[in-house]
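This is start_26.txt (compact mmCIF, C-alpha atoms).
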# COMPACT_ATOMS: atom_id res chain seq x y z
CA MET A 1 7.17 30.24 -24.39
CA THR A 2 9.49 29.55 -21.48
CA GLU A 3 11.92 32.37 -20.76
CA MET A 4 15.51 31.35 -21.42
CA ARG A 5 17.69 31.37 -18.31
CA GLU A 6 21.16 32.85 -18.16
CA PRO A 7 23.95 30.26 -17.93
CA ASP A 8 24.65 29.12 -14.36
CA LEU A 9 28.42 29.23 -13.84
CA SER A 10 28.47 28.48 -10.11
CA TYR A 11 29.82 24.94 -10.66
CA VAL A 12 32.26 26.03 -13.35
CA ILE A 13 33.97 28.89 -11.50
CA PRO A 14 33.54 28.59 -7.72
CA GLY A 15 35.01 31.50 -5.80
CA TRP A 16 37.69 29.37 -4.18
CA SER A 17 39.27 28.30 -7.48
CA GLU A 18 41.39 31.02 -9.10
CA ASN A 19 42.63 28.44 -11.61
CA ARG A 20 39.11 27.92 -12.97
CA TRP A 21 38.56 31.67 -13.19
CA SER A 22 41.82 32.01 -15.09
CA ASP A 23 40.92 29.12 -17.42
CA LEU A 24 37.55 30.58 -18.37
CA LEU A 25 38.97 34.07 -18.84
CA ALA A 26 41.70 32.63 -21.08
CA SER A 27 38.96 31.01 -23.16
CA LEU A 28 37.14 34.34 -23.53
CA ILE A 29 40.35 36.10 -24.56
CA LYS A 30 41.25 33.35 -27.02
CA THR A 31 37.77 33.46 -28.57
CA ASP A 32 37.52 37.26 -28.74
CA PRO A 33 40.72 39.19 -27.93
CA GLN A 34 39.23 42.60 -28.82
CA PRO A 35 37.72 43.52 -25.40
CA MET A 36 40.99 42.78 -23.60
CA GLY A 37 42.87 44.71 -26.27
CA GLN A 38 40.68 47.74 -25.60
CA LEU A 39 41.59 47.57 -21.90
CA ILE A 40 45.37 47.12 -22.25
CA GLY A 41 45.96 49.01 -25.49
CA VAL A 42 47.19 46.08 -27.62
CA VAL A 43 45.11 43.23 -29.03
CA PRO A 44 46.70 39.86 -28.13
CA ASP A 45 46.79 37.03 -30.64
CA ASP A 46 47.47 34.31 -28.06
CA VAL A 47 47.22 33.64 -24.33
CA ARG A 48 49.30 31.27 -22.21
CA ARG A 49 48.21 29.80 -18.88
CA GLU A 50 50.19 28.81 -15.78
CA VAL A 51 53.53 30.02 -17.11
CA ALA A 52 56.28 28.71 -14.83
CA VAL A 53 58.79 31.16 -13.40
CA PRO A 54 62.22 30.06 -14.69
CA GLY A 55 64.33 28.42 -12.00
CA ALA A 56 61.58 28.51 -9.37
CA THR A 57 61.57 24.76 -8.80
CA SER A 58 61.19 25.18 -5.04
CA ARG A 59 57.88 27.04 -5.53
CA LYS A 60 55.39 24.68 -7.11
CA SER A 61 52.73 27.37 -7.19
CA ASP A 62 55.02 30.08 -8.55
CA ARG A 63 53.38 30.35 -11.95
CA LEU A 64 52.07 33.41 -13.72
CA ASP A 65 48.35 33.00 -14.36
CA LEU A 66 48.07 34.64 -17.79
CA LEU A 67 50.68 35.77 -20.31
CA LEU A 68 49.27 37.59 -23.33
CA THR A 69 51.32 37.68 -26.52
CA GLU A 70 51.19 39.41 -29.90
CA GLY A 71 53.41 38.37 -32.79
CA GLY A 72 55.41 36.17 -30.44
CA GLY A 73 56.21 39.02 -28.03
CA CYS A 74 54.92 39.36 -24.48
CA ILE A 75 52.50 42.26 -24.23
CA ALA A 76 50.93 41.68 -20.79
CA ALA A 77 51.53 39.61 -17.69
CA ILE A 78 48.38 39.15 -15.59
CA GLU A 79 48.24 37.74 -12.06
CA VAL A 80 44.71 36.61 -11.16
CA LYS A 81 43.23 37.07 -7.68
CA VAL A 82 39.73 36.29 -6.46
CA LEU A 83 39.54 35.83 -2.67
CA SER A 84 43.25 35.40 -1.93
CA ASP A 85 45.97 38.05 -1.72
CA LEU A 86 49.41 38.45 -3.22
CA GLY A 87 52.23 36.45 -1.68
CA PRO A 88 55.41 38.09 -0.32
CA ASP A 89 57.56 39.42 -3.20
CA GLN A 90 55.32 37.57 -5.70
CA LEU A 91 55.08 40.47 -8.14
CA ALA A 92 58.80 41.19 -7.89
CA ARG A 93 59.58 37.60 -8.88
CA TYR A 94 57.23 37.83 -11.86
CA SER A 95 58.76 41.15 -12.94
CA ALA A 96 62.19 39.54 -12.96
CA ALA A 97 60.91 36.39 -14.71
CA PHE A 98 59.10 38.23 -17.52
CA PRO A 99 61.13 41.38 -18.17
CA GLY A 100 59.92 41.60 -21.77
CA ALA A 101 56.26 42.11 -20.86
CA LYS A 102 55.18 45.57 -21.95
CA ALA A 103 52.55 45.78 -19.20
CA ARG A 104 51.77 43.95 -15.96
CA TYR A 105 48.45 43.77 -14.13
CA VAL A 106 46.86 42.24 -11.04
CA LEU A 107 43.26 41.26 -11.76
CA HIS A 108 41.08 41.38 -8.62
CA LEU A 109 37.55 41.95 -7.36
CA ALA A 110 36.73 45.63 -6.98
CA ALA A 111 35.54 45.04 -3.41
CA LEU A 112 38.82 43.32 -2.46
CA PRO A 113 41.67 45.59 -3.63
CA VAL A 114 45.26 44.43 -3.53
CA ASN A 115 48.42 46.37 -2.76
CA THR A 116 50.66 46.79 -5.81
CA THR A 117 52.46 49.91 -4.59
CA THR A 118 55.48 48.01 -3.29
CA THR A 119 56.30 46.68 -6.78
CA PRO A 120 56.69 49.37 -9.46
CA GLY A 121 55.38 48.59 -12.91
CA TRP A 122 52.21 46.73 -11.91
CA GLY A 123 48.78 48.14 -12.65
CA GLU A 124 45.36 46.91 -11.59
CA LEU A 125 42.34 45.57 -13.45
CA SER A 126 39.05 44.64 -11.80
CA TRP A 127 36.96 41.61 -12.69
CA GLU A 128 33.97 43.92 -12.96
CA THR A 129 35.67 46.06 -15.62
CA VAL A 130 36.98 43.10 -17.63
CA LEU A 131 33.71 41.18 -17.61
CA ALA A 132 31.66 44.29 -18.41
CA SER A 133 33.86 44.78 -21.46
CA TYR A 134 33.42 41.14 -22.52
CA SER A 135 29.65 41.33 -21.98
CA ARG A 136 29.61 43.70 -24.98
CA SER A 137 31.48 41.25 -27.21
CA ALA A 138 30.15 40.64 -30.71
CA HIS A 139 30.60 36.90 -30.11
CA PRO A 140 27.32 35.49 -28.68
CA TRP A 141 28.89 32.84 -26.42
CA VAL A 142 31.49 35.27 -25.06
CA ALA A 143 28.88 37.94 -24.31
CA ALA A 144 26.45 35.50 -22.67
CA THR A 145 29.19 33.96 -20.54
CA ALA A 146 30.50 37.33 -19.39
CA LYS A 147 27.00 38.57 -18.48
CA ALA A 148 26.31 35.43 -16.45
CA TRP A 149 29.71 35.71 -14.81
CA LEU A 150 29.04 39.30 -13.79
CA THR A 151 25.89 38.27 -11.91
CA GLN A 152 27.93 35.86 -9.80
CA LEU A 153 30.38 38.50 -8.58
CA GLY A 154 27.85 40.01 -6.19
CA THR A 155 27.59 36.75 -4.24
CA LEU A 156 31.31 36.44 -3.45
CA VAL A 157 31.92 39.39 -1.13
CA PRO A 158 29.42 40.40 1.57
CA ARG A 159 28.04 43.89 1.17
CA VAL A 160 29.05 46.32 3.89
CA ASP A 161 28.20 49.96 4.52
CA ALA A 162 28.46 52.61 7.20
CA ASN A 163 25.98 50.77 9.44
CA THR A 164 27.80 47.42 9.31
CA VAL A 165 28.94 46.32 12.78
CA TRP A 166 32.53 45.13 13.03
CA ASN A 167 31.83 41.83 14.83
CA ASP A 168 28.65 40.93 12.93
CA VAL A 169 30.49 38.21 11.01
CA PRO A 170 29.73 34.62 9.86
CA ASP A 171 31.17 31.59 11.65
CA ALA A 172 32.61 29.67 8.68
CA PRO A 173 36.38 30.45 8.65
CA ALA A 174 36.62 31.32 4.95
CA ASP A 175 33.48 33.51 5.05
CA PHE A 176 34.68 35.15 8.25
CA GLU A 177 38.01 36.17 6.69
CA VAL A 178 36.31 37.60 3.60
CA ALA A 179 33.87 39.52 5.80
CA LEU A 180 36.67 41.16 7.77
CA ARG A 181 38.62 41.92 4.61
CA ALA A 182 35.51 43.56 3.13
CA ARG A 183 35.29 45.78 6.21
CA VAL A 184 38.90 46.90 5.84
CA ALA A 185 38.35 47.46 2.11
CA TRP A 186 35.30 49.66 2.85
CA LEU A 187 37.31 51.71 5.35
CA SER A 188 40.09 52.01 2.76
CA SER A 189 37.66 53.32 0.15
CA ARG A 190 36.38 55.87 2.65
CA MET A 191 39.94 56.89 3.47
CA SER A 192 40.58 57.56 -0.21
CA ALA A 193 37.85 60.22 -0.02
CA TRP A 194 39.22 62.17 2.95
CA CYS A 195 42.81 61.18 3.77
CA ASP A 196 45.61 63.53 2.70
CA LEU A 197 48.31 61.12 3.87
CA HIS A 198 49.75 58.01 2.24
CA HIS A 199 47.52 55.00 2.88
CA ASP A 200 47.07 51.38 1.78
CA THR A 201 45.92 47.93 2.90
CA VAL A 202 48.25 45.01 3.54
CA GLN A 203 47.87 41.47 4.77
CA SER A 204 49.15 40.78 8.27
CA SER A 205 52.33 38.73 8.58
CA GLY A 206 50.31 36.40 10.81
CA GLY A 207 48.03 35.49 7.88
CA GLY A 208 44.30 35.97 7.41
CA ASN A 209 44.11 39.37 9.09
CA TRP A 210 44.20 42.63 7.13
CA ALA A 211 45.69 45.95 8.13
CA LEU A 212 44.74 49.44 7.01
CA ARG A 213 47.64 51.90 7.14
CA MET A 214 48.19 55.64 6.82
CA TRP A 215 51.49 57.44 7.27
CA THR A 216 53.58 60.54 6.64
CA ASP A 217 57.26 61.47 6.81
CA SER A 218 58.74 62.43 10.16
CA THR A 219 61.58 64.91 10.76
CA THR A 220 64.05 62.01 10.87
CA PRO A 221 65.23 60.24 7.69
CA ASP A 222 63.72 56.81 6.99
CA HIS A 223 61.21 57.16 9.85
CA LEU A 224 57.48 57.47 9.15
CA VAL A 225 54.79 58.49 11.60
CA THR A 226 52.20 55.81 11.01
CA ALA A 227 48.91 54.30 12.18
CA GLU A 228 47.85 50.74 11.39
CA LEU A 229 44.37 49.34 12.09
CA GLN A 230 43.52 45.64 12.20
CA GLU A 231 41.44 43.17 14.20
CA GLY A 232 42.91 42.67 17.65
CA MET A 233 42.79 38.85 17.78
CA THR A 234 46.13 37.07 17.85
CA ALA A 235 47.11 34.55 15.17
CA TYR A 236 46.43 31.73 17.65
CA GLU A 237 42.94 33.06 18.45
CA TRP A 238 42.24 33.33 14.72
CA ARG A 239 41.88 29.55 14.47
CA PHE A 240 38.40 28.09 14.11
CA ASP A 241 36.77 27.00 17.38
CA PRO A 242 33.38 25.26 16.97
CA ALA A 243 32.57 26.02 20.60
CA ARG A 244 32.93 29.80 20.21
CA ARG A 245 31.50 31.97 17.47
CA TYR A 246 33.81 34.44 15.77
CA ARG A 247 31.46 37.32 16.60
CA ASP A 248 31.91 36.50 20.30
CA ARG A 249 35.70 36.24 20.00
CA LEU A 250 36.53 39.38 18.03
CA ARG A 251 38.30 41.95 20.17
CA GLY A 252 37.57 44.79 17.82
CA PRO A 253 39.88 47.00 15.74
CA VAL A 254 43.20 47.89 17.33
CA VAL A 255 45.23 50.85 16.05
CA LEU A 256 49.02 50.89 16.43
CA VAL A 257 50.34 54.47 16.37
CA GLY A 258 54.06 55.07 16.23
CA LEU A 259 57.20 55.27 14.12
CA ARG A 260 57.98 52.93 11.24
CA HIS A 261 61.66 52.65 10.30
CA GLU A 262 62.16 51.65 6.65
CA GLY A 263 65.11 50.45 4.61
CA SER A 264 67.26 48.77 7.26
CA PRO A 265 67.66 45.03 7.99
CA THR A 266 68.12 45.87 11.66
CA SER A 267 66.05 47.71 14.24
CA ALA A 268 69.17 48.90 16.07
CA SER A 269 68.96 52.28 14.32
CA PHE A 270 65.32 52.91 15.30
CA ALA A 271 64.83 56.44 16.73
CA TRP A 272 63.58 55.57 20.20
CA PRO A 273 64.18 59.08 21.66
CA LEU A 274 62.01 60.56 18.89
CA LEU A 275 59.21 58.09 19.67
CA HIS A 276 59.40 59.12 23.34
CA ARG A 277 59.25 62.83 22.51
CA ILE A 278 56.33 62.37 20.08
CA TYR A 279 54.24 60.71 22.79
CA SER A 280 55.36 63.16 25.47
CA GLU A 281 54.26 66.13 23.37
CA HIS A 282 51.05 64.78 21.86
CA ILE A 283 49.64 61.88 23.91
CA LEU A 284 50.82 62.00 27.53
CA ASP A 285 50.01 64.35 30.39
CA ASP A 286 52.53 65.51 32.99
CA ALA A 287 52.02 62.28 34.95
CA GLY A 288 52.77 60.13 31.88
CA ASN A 289 49.14 59.04 31.32
CA PRO A 290 47.13 59.29 28.08
CA ARG A 291 45.20 62.56 27.85
CA ASP A 292 43.27 62.20 24.59
CA GLY A 293 40.35 59.93 25.64
CA ARG A 294 41.35 56.96 23.48
CA GLN A 295 41.44 53.48 25.02
CA TRP A 296 45.22 52.98 25.01
CA ARG A 297 46.51 49.54 25.94
CA THR A 298 48.73 50.06 28.96
CA THR A 299 50.24 46.59 29.35
CA SER A 300 54.05 46.66 29.30
CA ALA A 301 55.64 46.47 25.83
CA ARG A 302 58.64 44.20 26.71
CA PRO A 303 60.33 43.78 23.28
CA GLY A 304 61.87 40.30 22.85
CA ASP A 305 65.09 41.07 20.99
CA PRO A 306 67.98 42.07 23.30
CA VAL A 307 68.82 45.19 21.28
CA ASP A 308 65.19 46.32 21.14
CA LYS A 309 64.77 45.58 24.84
CA GLN A 310 67.82 47.62 25.77
CA ASN A 311 66.67 50.64 23.72
CA TRP A 312 63.13 50.37 25.10
CA GLN A 313 64.45 50.24 28.67
CA ALA A 314 66.49 53.38 27.98
CA ILE A 315 63.40 55.48 27.15
CA VAL A 316 61.47 53.97 30.08
CA GLN A 317 64.32 55.03 32.38
CA ALA A 318 64.09 58.47 30.78
CA GLY A 319 60.43 58.71 31.77
CA ALA A 320 58.46 56.98 29.00
CA PRO A 321 55.54 54.76 30.15
CA PRO A 322 56.37 51.02 29.95
CA TRP A 323 53.50 50.48 27.50
CA LEU A 324 55.24 52.62 24.86
CA GLY A 325 57.26 50.34 22.57
CA GLN A 326 54.66 47.86 21.34
CA GLY A 327 55.04 46.65 17.76
CA TRP A 328 57.66 44.60 15.93
CA GLY A 329 61.41 44.95 15.70
CA MET A 330 64.54 43.01 14.90
CA LYS A 331 62.97 39.73 13.75
CA VAL A 332 60.72 41.43 11.20
CA ALA A 333 63.39 43.94 10.15
CA ARG A 334 65.75 41.15 9.10
CA THR A 335 63.28 39.92 6.48
CA THR A 336 61.31 43.04 5.50
CA LYS A 337 63.78 45.88 6.27
CA SER A 338 61.08 47.50 8.34
CA CYS A 339 60.26 47.81 12.04
CA LEU A 340 57.57 49.69 13.92
CA PHE A 341 57.26 50.68 17.57
CA GLY A 342 54.58 52.73 19.31
CA ALA A 343 51.43 52.05 21.31
CA ARG A 344 47.97 50.66 20.61
CA PHE A 345 44.47 51.87 21.33
CA ALA A 346 41.32 49.77 20.99
CA ILE A 347 37.93 50.35 19.38
CA ALA A 348 34.92 48.34 20.57
CA PRO A 349 34.06 45.21 18.53
CA THR A 350 30.43 46.41 18.41
CA ALA A 351 31.41 49.66 16.68
CA SER A 352 29.92 50.45 13.29
CA LEU A 353 32.13 51.11 10.29
CA ALA A 354 30.95 54.73 10.36
CA HIS A 355 32.27 55.08 13.93
CA ILE A 356 35.59 53.44 13.03
CA ASP A 357 35.90 55.72 10.02
CA SER A 358 35.33 58.76 12.23
CA GLU A 359 38.06 57.56 14.61
CA LEU A 360 40.49 57.31 11.70
CA GLN A 361 39.53 60.78 10.49
CA ARG A 362 40.15 62.12 13.99
CA LEU A 363 43.55 60.44 13.97
CA GLN A 364 44.85 62.11 10.79
CA PRO A 365 45.57 65.58 12.26
CA LEU A 366 47.27 63.92 15.23
CA LEU A 367 49.66 62.11 12.86
CA VAL A 368 50.40 65.39 11.09
CA ASP A 369 51.25 67.07 14.41
CA MET A 370 53.36 64.10 15.46
CA ALA A 371 55.29 64.23 12.19
CA ALA A 372 56.39 67.81 12.91
CA THR A 373 58.10 66.78 16.17
CA GLU A 374 61.85 67.42 16.07
CA TYR A 375 64.36 64.77 17.05
CA PRO A 376 65.53 65.49 20.61

Go ahead and express the file in the form of structure tokens.
Amino acid sequence: MTEMREPDLSYVIPGWSENRWSDLLASLIKTDPQPMGQLIGVVPDDVRREVAVPGATSRKSDRLDLLLTEGGGCIAAIEVKVLSDLGPDQLARYSAAFPGAKARYVLHLAALPVNTTTTPGWGELSWETVLASYSRSAHPWVAATAKAWLTQLGTLVPRVDANTVWNDVPDAPADFEVALRARVAWLSSRMSAWCDLHHDTVQSSGGGNWALRMWTDSTTPDHLVTAELQEGMTAYEWRFDPARRYRDRLRGPVVLVGLRHEGSPTSASFAWPLLHRIYSEHILDDAGNPRDGRQWRTTSARPGDPVDKQNWQAIVQAGAPPWLGQGWGMKVARTTKSCLFGARFAIAPTASLAHIDSELQRLQPLLVDMAATEYP
């Protein structure tokens, strides 16, 4: 007797189509709501798909993926993610659009975490957890579908470990971006095991790239001593070039260490003298050169905004090296109420994830010491 194969869902739910993933999950929930009820605490009696955000006519894609209801009331809003990330303020818009939802979740792959910390009230569910629950369903079709679906998850995100080399990446643009994101996610999971500071992962404003951050409060209100790691390629260099492989173009991780000013739509109130003192006490020798052995980038900072440029020039005239002041200022602050200035050091593109992790561990006590520096 021929052994019966598991269903092949590769054509039904390709990794690039979050809509198809949402459709099939909605079908599972509609057929057997019990497993989802066990996860969220209330058993839904209906599920709605692609629920438009009221008044968001300018955003054609601004639709909540799943809205679970019980007795006509909203019990859970679920935003589905597979390989993409959350858009700017996306969760905040959904919170405002569905205030009656008793719970809100982002559903994502365990290997590709998302950042929900900036929007209170949103929890996280992983596809692995949800599908494992549905694989135990009493409904034969639901259980078989969930089991087959689970087997596909392992093919979506490349496996990485301590021996993975940073620039050992594929050449297809989509696969390349997922590979880099998986590296940052692995480093983030390692950081959760040893880091005593705040930390998270965020998508770069330039798109595609991912940043790993850790930070702590400084002695000055609204200023955080922070370090942010991401691939050193510019947004322009990120574009696909058939004549050059990505592994040959990657510059390697670059870490920006400095002060992040939060809560102001202007960078005019950034504490430049504190940044100067922090570097003078912890990074620079008496001649103004780095003394810690890291590969600091010593090209001149030259901020573009006139206010940022004037404040940067003031600390340079006071003895700071011209390369101190790299980062982003007024333009970003106007839209995100955040600016960051400091300096960058580079890690080789051929470094293993274990080596990069060790560099981040070595950086943590430095940030703690920096944070204790008093404002001059």

*Considering only C-alpha atoms, return as an MDAnalysis selection string whatever protein or nucleic-acid residues lie within 12 Å of Val106 in chain A, sequence-local ones (same chain, fewer than 6 positions apart) excluded.*
chainID A and resid 64:67 76:82 84:86 90:91 94 112:117 119 121:127 130

Put those residues in a file: C-alpha atoms, as a compact mmCIF listing (two decimals), keeping the file's coordinate frame.
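Now in part20.txt:
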# COMPACT_ATOMS: atom_id res chain seq x y z
CA LEU A 64 52.07 33.41 -13.72
CA ASP A 65 48.35 33.00 -14.36
CA LEU A 66 48.07 34.64 -17.79
CA LEU A 67 50.68 35.77 -20.31
CA ALA A 76 50.93 41.68 -20.79
CA ALA A 77 51.53 39.61 -17.69
CA ILE A 78 48.38 39.15 -15.59
CA GLU A 79 48.24 37.74 -12.06
CA VAL A 80 44.71 36.61 -11.16
CA LYS A 81 43.23 37.07 -7.68
CA VAL A 82 39.73 36.29 -6.46
CA SER A 84 43.25 35.40 -1.93
CA ASP A 85 45.97 38.05 -1.72
CA LEU A 86 49.41 38.45 -3.22
CA GLN A 90 55.32 37.57 -5.70
CA LEU A 91 55.08 40.47 -8.14
CA TYR A 94 57.23 37.83 -11.86
CA LEU A 112 38.82 43.32 -2.46
CA PRO A 113 41.67 45.59 -3.63
CA VAL A 114 45.26 44.43 -3.53
CA ASN A 115 48.42 46.37 -2.76
CA THR A 116 50.66 46.79 -5.81
CA THR A 117 52.46 49.91 -4.59
CA THR A 119 56.30 46.68 -6.78
CA GLY A 121 55.38 48.59 -12.91
CA TRP A 122 52.21 46.73 -11.91
CA GLY A 123 48.78 48.14 -12.65
CA GLU A 124 45.36 46.91 -11.59
CA LEU A 125 42.34 45.57 -13.45
CA SER A 126 39.05 44.64 -11.80
CA TRP A 127 36.96 41.61 -12.69
CA VAL A 130 36.98 43.10 -17.63

*Of the residues A:Leu324, A:Met191, A:Ala148, A:Val169, which is the one nearest to Asp248 in chain A, using all atoms listed in the file?*
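Of A:Leu324, A:Met191, A:Ala148, A:Val169, the one nearest Asp248 in chain A is A:Val169, counting all atoms listed in the file.
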
*What is the distance, in Å and to one decimal place, between CA of Leu68 in chain A and CA of Thr201 in chain A?*
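Here the two named atoms are 28.4 Å from each other.
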
*Kindly indicate which residue among A:Asp23, A:Leu39, A:Asp45, A:Gly15 lies nearest to Gly71 in chain A, using only C-alpha atoms for the distances.*
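That would be A:Asp45, the residue with the smallest distance to Gly71 in chain A.
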
Which polymer residues have any atom within 8 Å of an atom of Ala333 in chain A, counting all atoms listed in the file, with same-chain residues fewer than 4 positions away left out, as a compact mmCIF listing (two decimals) with C-alpha atoms, in the frame of the given file?
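Now in result.txt:
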# COMPACT_ATOMS: atom_id res chain seq x y z
CA SER A 264 67.26 48.77 7.26
CA PRO A 265 67.66 45.03 7.99
CA THR A 266 68.12 45.87 11.66
CA SER A 267 66.05 47.71 14.24
CA GLY A 329 61.41 44.95 15.70
CA LYS A 337 63.78 45.88 6.27
CA SER A 338 61.08 47.50 8.34
CA CYS A 339 60.26 47.81 12.04

*Please return, as a list in words, all polymer residues that have at least one atom within 8 Å of the point (30.4, 40.7, -0.5); use only C-alpha atoms and the file's own coordinate frame.*
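Within the cut-off we find Ala111, Gly154, Thr155, Leu156, Val157, Pro158, Arg159, Val160, Val178, Ala179 and Ala182 of chain A.
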
*Restricting the calculation to all atoms listed in the file, which member of A:Pro35, A:Pro44, A:Pro88, A:Pro303 is positioned closest to Leu131 in chain A?*
A:Pro35

_Atomic distance CA of Arg136 in chain A - CA of Arg20 in chain A, expressed in Å with one decimal_ = 22.0 Å

*From the set A:Tyr134, A:Trp272, A:Tyr105, A:Trp149, which residue has the shortest atom-to-atom contact distance to Val316 in chain A, counting all atoms listed in the file?*
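Among A:Tyr134, A:Trp272, A:Tyr105, A:Trp149, it is A:Trp272 that comes nearest to Val316 in chain A.
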
*If you measure from CA of Pro7 in chain A to CA of Leu24 in chain A, what distance in Å do you get, rounded to one decimal?*
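CA of Leu24 in chain A lies at a distance of 13.6 Å from CA of Pro7 in chain A.
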
*Nearest to Arg251 in chain A: which of A:Asp217, A:Asp292, A:Glu237, A:Glu228 is it, counting only C-alpha atoms?*
A:Glu237

_Spatial neighbours of Ala138 in chain A, max dist 12 Å, all atoms listed in the file, sep filter under 3 positions, as a list in words_ =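 Once the nearby chain positions are removed, what remains is Leu28, Thr31, Asp32, Pro33, Gln34, Pro35, Ser133, Tyr134, Ser135, Trp141, Val142, Ala143, Ala144 and Ala146 of chain A.
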
_Using all atoms listed in the file, can you tell me which of A:Pro290, A:Pro99, A:Gly41, A:Pro221 comes closest to Val53 in chain A?_
A:Pro99

Centre, edges in Å (one decimal): axis-aligned box, range 293-297 of chain A, 3 Å padding on all six sides, as AutoDock Vina command-line options:
--center_x 43.4 --center_y 54.7 --center_z 24.7 --size_x 12.2 --size_y 16.4 --size_z 8.5
